[in-house]
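Structure first, commentary second.
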Amino acid sequence: MKIPMNGAATWLLCAVALFFQHLLLASDGREKPNVVTTVSPITNMVQNIGGTHIRVTGIVPDGVDSHTFEPIPSDIKTLQAAKLIVMNGLDLELPTLKLAEKVKKTATPILQLGNRALKEEDWRYDFSFPREHGHPNPHVWLNIELAMRYAEIIREELIALDPTNKVAYQVNAATYLGKLQKLDQAIFACVETIPEKNRKLVTYHDSFAYFAPRYGMTVIAAVQPADFSEPGPQEVMNIIKQIKKNGVPAIFGSEVFPSKVMEQIAREANVKFVDQLSDDELPTPPHHSFIGMMANNMAIMTEALGGNPDCMAKIDTGNIRF
């Protein structure tokens, strides 16, 4: 039965509807905070945890050497507009850090994930990052346990920046951490399929210093010296001797760091040269994610070292859908 409404009731109903419509429009129109990031893996983490509630701008392009990246003039405006700046830290992005400190708004925090995730005594130094130069190895995110710590820190920083959307950041982070946990377990499973004598890494750039001890592998050598030049003849000979002595079946380069020296080393040591590993360049869609990058790395690495690359077959390499 239809109940008739008097004029006052109709007016009240319209007023309530208009009030809620106004609230909805105000909510939709609220400006999203600008979050500026650096290298692609960190940009991707922030995008997955922030979701639709933030605007993310990564200023280090995919495929660019993050160690030698210099910000361009247009990055000044991007950094000035930031409500939060997220970097890896551990001296990876020094030119960008110095610029950000100079041009950012006073209230804008700079989050250096590596410095927050690791105590100084846990920083690693090696061939590409010798202690005497004072800059630690910054490639923390390749250790997925530490990448999960990055995700937790990002979650807390986004909540502090935008507490209105706290629940969304918590839910997104929980989903993302679940995906990282499965990736972490799959990497252990991959390494288990590699013959124990082959669980050794020779890379061009020393990217796997935090990865190797986590997953039971050993970094035998890195080819690129600390000044990012090519190694000298004596260094090349020493690396070849190490490869032969340790029975390494393959050595690994990167498309970001093309090197004729690696090809020479592989020929003279009589081992495979695989130049497809990545420490910060994300693969093409549909696997364009940090998790996709790591799954691709592990499939390539595992197969080259005599293991079963199917260990990554069940990993969801997609980003969270919003």
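In the structure tokens, each chain is lettered A, B, ... as it comes, each chain's residues begin at 1, and ligands are numbered from 1 in order of appearance.
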Using only C-alpha atoms, which protein or nucleic acid residues come within 10 Å of region 235-243 of chain A? Drop anything in the same chain fewer than 3 positions from it, and give the result as an mmCIF file with N, CA, C and O atoms, in the first residue's frame.
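The resulting file, out.cif, is reproduced below:
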data_model
loop_
_atom_site.group_PDB
_atom_site.id
_atom_site.type_symbol
_atom_site.label_atom_id
_atom_site.label_comp_id
_atom_site.auth_asym_id
_atom_site.auth_seq_id
_atom_site.Cartn_x
_atom_site.Cartn_y
_atom_site.Cartn_z
ATOM 1 N N LYS A 200 75.546 -20.517 -6.225
ATOM 2 C CA LYS A 200 76.577 -19.474 -6.186
ATOM 3 C C LYS A 200 76.279 -18.438 -7.261
ATOM 4 O O LYS A 200 75.855 -18.788 -8.364
ATOM 5 N N LEU A 201 76.520 -17.178 -6.931
ATOM 6 C CA LEU A 201 76.194 -16.097 -7.850
ATOM 7 C C LEU A 201 77.425 -15.288 -8.226
ATOM 8 O O LEU A 201 78.198 -14.870 -7.358
ATOM 9 N N VAL A 202 77.580 -15.079 -9.525
ATOM 10 C CA VAL A 202 78.526 -14.100 -10.051
ATOM 11 C C VAL A 202 77.686 -13.144 -10.888
ATOM 12 O O VAL A 202 77.049 -13.556 -11.857
ATOM 13 N N ILE A 220 79.814 -15.071 -5.165
ATOM 14 C CA ILE A 220 81.233 -15.362 -5.377
ATOM 15 C C ILE A 220 81.994 -14.115 -5.822
ATOM 16 O O ILE A 220 83.104 -13.851 -5.378
ATOM 17 N N ALA A 221 81.381 -13.336 -6.704
ATOM 18 C CA ALA A 221 82.058 -12.152 -7.224
ATOM 19 C C ALA A 221 81.042 -11.230 -7.885
ATOM 20 O O ALA A 221 79.966 -11.657 -8.304
ATOM 21 N N ALA A 222 81.416 -9.959 -7.962
ATOM 22 C CA ALA A 222 80.696 -8.980 -8.778
ATOM 23 C C ALA A 222 81.731 -8.322 -9.677
ATOM 24 O O ALA A 222 82.857 -8.075 -9.270
ATOM 25 N N VAL A 223 81.333 -8.052 -10.901
ATOM 26 C CA VAL A 223 82.292 -7.587 -11.907
ATOM 27 C C VAL A 223 82.472 -6.077 -11.871
ATOM 28 O O VAL A 223 83.577 -5.567 -12.050
ATOM 29 N N GLN A 224 81.404 -5.338 -11.619
ATOM 30 C CA GLN A 224 81.486 -3.877 -11.691
ATOM 31 C C GLN A 224 82.151 -3.290 -10.451
ATOM 32 O O GLN A 224 81.704 -3.510 -9.330
ATOM 33 N N PRO A 225 83.235 -2.520 -10.627
ATOM 34 C CA PRO A 225 83.895 -1.882 -9.480
ATOM 35 C C PRO A 225 83.040 -0.791 -8.849
ATOM 36 O O PRO A 225 81.994 -0.407 -9.388
ATOM 37 N N GLU A 230 84.413 -0.253 -15.875
ATOM 38 C CA GLU A 230 84.664 -1.661 -16.182
ATOM 39 C C GLU A 230 85.902 -2.113 -15.396
ATOM 40 O O GLU A 230 86.806 -1.317 -15.129
ATOM 41 N N PRO A 231 85.975 -3.383 -15.007
ATOM 42 C CA PRO A 231 87.125 -3.859 -14.239
ATOM 43 C C PRO A 231 88.385 -3.922 -15.098
ATOM 44 O O PRO A 231 88.316 -4.061 -16.322
ATOM 45 N N GLY A 232 89.533 -3.822 -14.433
ATOM 46 C CA GLY A 232 90.812 -3.926 -15.126
ATOM 47 C C GLY A 232 91.173 -5.375 -15.413
ATOM 48 O O GLY A 232 90.528 -6.304 -14.909
ATOM 49 N N ASN A 246 85.279 -22.409 -8.208
ATOM 50 C CA ASN A 246 84.022 -22.722 -7.533
ATOM 51 C C ASN A 246 83.055 -23.527 -8.390
ATOM 52 O O ASN A 246 81.980 -23.909 -7.913
ATOM 53 N N GLY A 247 83.405 -23.773 -9.657
ATOM 54 C CA GLY A 247 82.548 -24.574 -10.515
ATOM 55 C C GLY A 247 81.197 -23.924 -10.786
ATOM 56 O O GLY A 247 80.173 -24.611 -10.842
ATOM 57 N N VAL A 248 81.194 -22.606 -10.950
ATOM 58 C CA VAL A 248 79.944 -21.883 -11.206
ATOM 59 C C VAL A 248 79.463 -22.191 -12.624
ATOM 60 O O VAL A 248 80.213 -22.012 -13.584
ATOM 61 N N PRO A 249 78.212 -22.641 -12.817
ATOM 62 C CA PRO A 249 77.748 -23.014 -14.166
ATOM 63 C C PRO A 249 77.304 -21.823 -15.023
ATOM 64 O O PRO A 249 77.229 -21.932 -16.243
ATOM 65 N N ALA A 250 76.965 -20.681 -14.390
ATOM 66 C CA ALA A 250 76.467 -19.533 -15.151
ATOM 67 C C ALA A 250 76.787 -18.252 -14.398
ATOM 68 O O ALA A 250 76.860 -18.241 -13.157
ATOM 69 N N ILE A 251 76.972 -17.169 -15.161
ATOM 70 C CA ILE A 251 77.136 -15.851 -14.553
ATOM 71 C C ILE A 251 76.050 -14.935 -15.106
ATOM 72 O O ILE A 251 75.514 -15.163 -16.186
ATOM 73 N N VAL A 261 82.670 -7.122 -21.030
ATOM 74 C CA VAL A 261 83.589 -7.838 -20.137
ATOM 75 C C VAL A 261 82.949 -9.122 -19.626
ATOM 76 O O VAL A 261 83.612 -10.157 -19.518
ATOM 77 N N MET A 262 81.647 -9.070 -19.308
ATOM 78 C CA MET A 262 80.957 -10.271 -18.831
ATOM 79 C C MET A 262 80.975 -11.368 -19.886
ATOM 80 O O MET A 262 81.168 -12.547 -19.567
ATOM 81 N N GLN A 264 83.218 -11.760 -22.186
ATOM 82 C CA GLN A 264 84.605 -12.256 -22.228
ATOM 83 C C GLN A 264 84.874 -13.217 -21.074
ATOM 84 O O GLN A 264 85.472 -14.287 -21.259
ATOM 85 N N ILE A 265 84.426 -12.841 -19.874
ATOM 86 C CA ILE A 265 84.632 -13.680 -18.690
ATOM 87 C C ILE A 265 83.946 -15.035 -18.880
ATOM 88 O O ILE A 265 84.524 -16.089 -18.577
ATOM 89 N N ALA A 266 82.714 -15.012 -19.386
ATOM 90 C CA ALA A 266 81.981 -16.255 -19.596
ATOM 91 C C ALA A 266 82.688 -17.160 -20.595
ATOM 92 O O ALA A 266 82.788 -18.380 -20.391
ATOM 93 N N ARG A 267 83.183 -16.566 -21.694
ATOM 94 C CA ARG A 267 83.903 -17.362 -22.706
ATOM 95 C C ARG A 267 85.152 -18.000 -22.110
ATOM 96 O O ARG A 267 85.407 -19.200 -22.285
ATOM 97 N N GLU A 268 85.934 -17.206 -21.414
ATOM 98 C CA GLU A 268 87.219 -17.711 -20.898
ATOM 99 C C GLU A 268 87.031 -18.676 -19.743
ATOM 100 O O GLU A 268 87.876 -19.551 -19.523
ATOM 101 N N ALA A 269 85.941 -18.525 -19.004
ATOM 102 C CA ALA A 269 85.663 -19.450 -17.896
ATOM 103 C C ALA A 269 84.826 -20.644 -18.354
ATOM 104 O O ALA A 269 84.595 -21.569 -17.569
ATOM 105 N N ASN A 270 84.370 -20.597 -19.617
ATOM 106 C CA ASN A 270 83.568 -21.674 -20.204
ATOM 107 C C ASN A 270 82.275 -21.919 -19.421
ATOM 108 O O ASN A 270 81.933 -23.048 -19.064
ATOM 109 N N VAL A 271 81.530 -20.823 -19.162
ATOM 110 C CA VAL A 271 80.248 -20.921 -18.467
ATOM 111 C C VAL A 271 79.196 -20.137 -19.265
ATOM 112 O O VAL A 271 79.527 -19.359 -20.154
#
7 Å contact set for Asn115 (chain A), only C-alpha atoms, chain neighbours under 2 positions out, as JSON, numbers by chain | {"A": [89, 90, 112, 113, 117, 118]}
Quick one: residues within 6 Å of region 185-188 of chain A, only C-alpha atoms counted, chain neighbours fewer than 3 positions away excluded, as a list of chain:residue names?
->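 Result of the neighbour search: A:Lys182, A:Val191, A:Tyr215.
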Output the selection as a compact mmCIF listing (two decimals), in the first residue's frame - N, CA and C atoms for each residue.
# COMPACT_ATOMS: atom_id res chain seq x y z
N LYS A 182 54.08 -15.30 -0.08
CA LYS A 182 54.05 -16.43 -1.02
C LYS A 182 55.28 -16.40 -1.94
N VAL A 191 65.35 -22.31 -4.80
CA VAL A 191 66.74 -22.59 -4.42
C VAL A 191 66.91 -24.05 -4.04
N TYR A 215 68.47 -16.70 1.32
CA TYR A 215 67.97 -17.88 0.60
C TYR A 215 69.02 -18.99 0.44
Skipping near chain neighbours, those fewer than 6 positions away, what residues fall within 12 Å of region 64-79 of chain A using only C-alpha atoms, listed as a PyMOL selection string?
-> chain A and resi 34-41+55-58+85-106+108-110+128-129+135+137-139+205+207+226-229+254-258+278-282
Residue contacts of region 166-170 of chain A (9 Å, only C-alpha atoms) excluding same-chain residues fewer than 3 positions away, as a ChimeraX atom specification = /A:49-51,53,155-156,158-160,162-163,173-175
Requested write-out: all heavy atoms of the selected residues, as a short mmCIF file (atom, residue, chain, number, x, y, z; two decimals), in the first residue's frame:
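Output below, filename part_32.cif:
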data_model
loop_
_atom_site.label_atom_id
_atom_site.label_comp_id
_atom_site.auth_asym_id
_atom_site.auth_seq_id
_atom_site.Cartn_x
_atom_site.Cartn_y
_atom_site.Cartn_z
N ILE A 49 49.97 -0.37 -2.06
CA ILE A 49 49.48 -0.12 -0.70
C ILE A 49 48.60 1.12 -0.65
O ILE A 49 47.61 1.17 0.06
CB ILE A 49 50.67 -0.03 0.28
CG1 ILE A 49 51.40 -1.37 0.31
CG2 ILE A 49 50.19 0.36 1.68
CD1 ILE A 49 52.75 -1.33 1.00
N GLY A 50 48.95 2.14 -1.44
CA GLY A 50 48.16 3.38 -1.45
C GLY A 50 46.88 3.25 -2.22
O GLY A 50 45.87 3.90 -1.90
N GLY A 51 46.88 2.44 -3.26
CA GLY A 51 45.68 2.24 -4.06
C GLY A 51 45.14 3.51 -4.67
O GLY A 51 45.91 4.35 -5.17
N HIS A 53 43.80 6.00 -3.21
CA HIS A 53 43.71 7.13 -2.28
C HIS A 53 44.89 8.09 -2.37
O HIS A 53 44.89 9.13 -1.68
CB HIS A 53 43.57 6.61 -0.85
CG HIS A 53 42.33 5.80 -0.65
ND1 HIS A 53 41.07 6.35 -0.68
CD2 HIS A 53 42.16 4.46 -0.47
CE1 HIS A 53 40.17 5.39 -0.51
NE2 HIS A 53 40.80 4.24 -0.38
N ARG A 155 53.05 1.41 4.79
CA ARG A 155 51.68 1.42 5.34
C ARG A 155 51.56 2.44 6.47
O ARG A 155 50.64 3.26 6.48
CB ARG A 155 51.33 0.02 5.85
CG ARG A 155 49.97 -0.08 6.53
CD ARG A 155 49.86 -1.39 7.31
NE ARG A 155 50.86 -1.47 8.37
CZ ARG A 155 51.31 -2.61 8.91
NH1 ARG A 155 50.85 -3.77 8.48
NH2 ARG A 155 52.21 -2.58 9.87
N GLU A 156 52.47 2.38 7.42
CA GLU A 156 52.40 3.27 8.58
C GLU A 156 52.59 4.73 8.17
O GLU A 156 51.95 5.63 8.73
CB GLU A 156 53.44 2.85 9.63
CG GLU A 156 53.21 1.47 10.22
CD GLU A 156 51.79 1.28 10.71
OE1 GLU A 156 51.30 2.13 11.49
OE2 GLU A 156 51.14 0.29 10.30
N LEU A 158 51.81 6.08 5.22
CA LEU A 158 50.60 6.53 4.53
C LEU A 158 49.46 6.81 5.51
O LEU A 158 48.70 7.76 5.34
CB LEU A 158 50.16 5.50 3.49
CG LEU A 158 51.06 5.35 2.26
CD1 LEU A 158 50.51 4.28 1.32
CD2 LEU A 158 51.23 6.67 1.51
N ILE A 159 49.37 6.00 6.55
CA ILE A 159 48.35 6.24 7.58
C ILE A 159 48.61 7.56 8.29
O ILE A 159 47.69 8.35 8.55
CB ILE A 159 48.30 5.07 8.58
CG1 ILE A 159 47.73 3.81 7.91
CG2 ILE A 159 47.49 5.43 9.82
CD1 ILE A 159 47.84 2.56 8.75
N ALA A 160 49.88 7.84 8.60
CA ALA A 160 50.24 9.11 9.24
C ALA A 160 49.94 10.29 8.33
O ALA A 160 49.51 11.36 8.78
CB ALA A 160 51.72 9.09 9.63
N ASP A 162 47.63 10.30 5.84
CA ASP A 162 46.22 10.37 5.45
C ASP A 162 45.39 9.44 6.34
O ASP A 162 44.92 8.40 5.89
CB ASP A 162 46.11 9.97 3.96
CG ASP A 162 44.69 9.98 3.45
OD1 ASP A 162 43.86 10.75 3.97
OD2 ASP A 162 44.40 9.19 2.51
N PRO A 163 45.22 9.81 7.61
CA PRO A 163 44.53 8.89 8.55
C PRO A 163 43.09 8.60 8.18
O PRO A 163 42.54 7.58 8.61
CB PRO A 163 44.62 9.64 9.89
CG PRO A 163 44.95 11.06 9.55
CD PRO A 163 45.71 11.03 8.27
N ALA A 173 47.71 -3.25 2.45
CA ALA A 173 49.00 -3.76 2.91
C ALA A 173 48.92 -5.23 3.29
O ALA A 173 49.84 -6.01 3.01
CB ALA A 173 49.51 -2.92 4.09
N ALA A 174 47.82 -5.62 3.93
CA ALA A 174 47.66 -7.03 4.31
C ALA A 174 47.62 -7.92 3.08
O ALA A 174 48.24 -8.99 3.04
CB ALA A 174 46.38 -7.20 5.13
N THR A 175 46.90 -7.47 2.05
CA THR A 175 46.85 -8.22 0.79
C THR A 175 48.23 -8.31 0.16
O THR A 175 48.67 -9.38 -0.28
CB THR A 175 45.87 -7.56 -0.19
OG1 THR A 175 44.57 -7.51 0.39
CG2 THR A 175 45.80 -8.33 -1.51
#
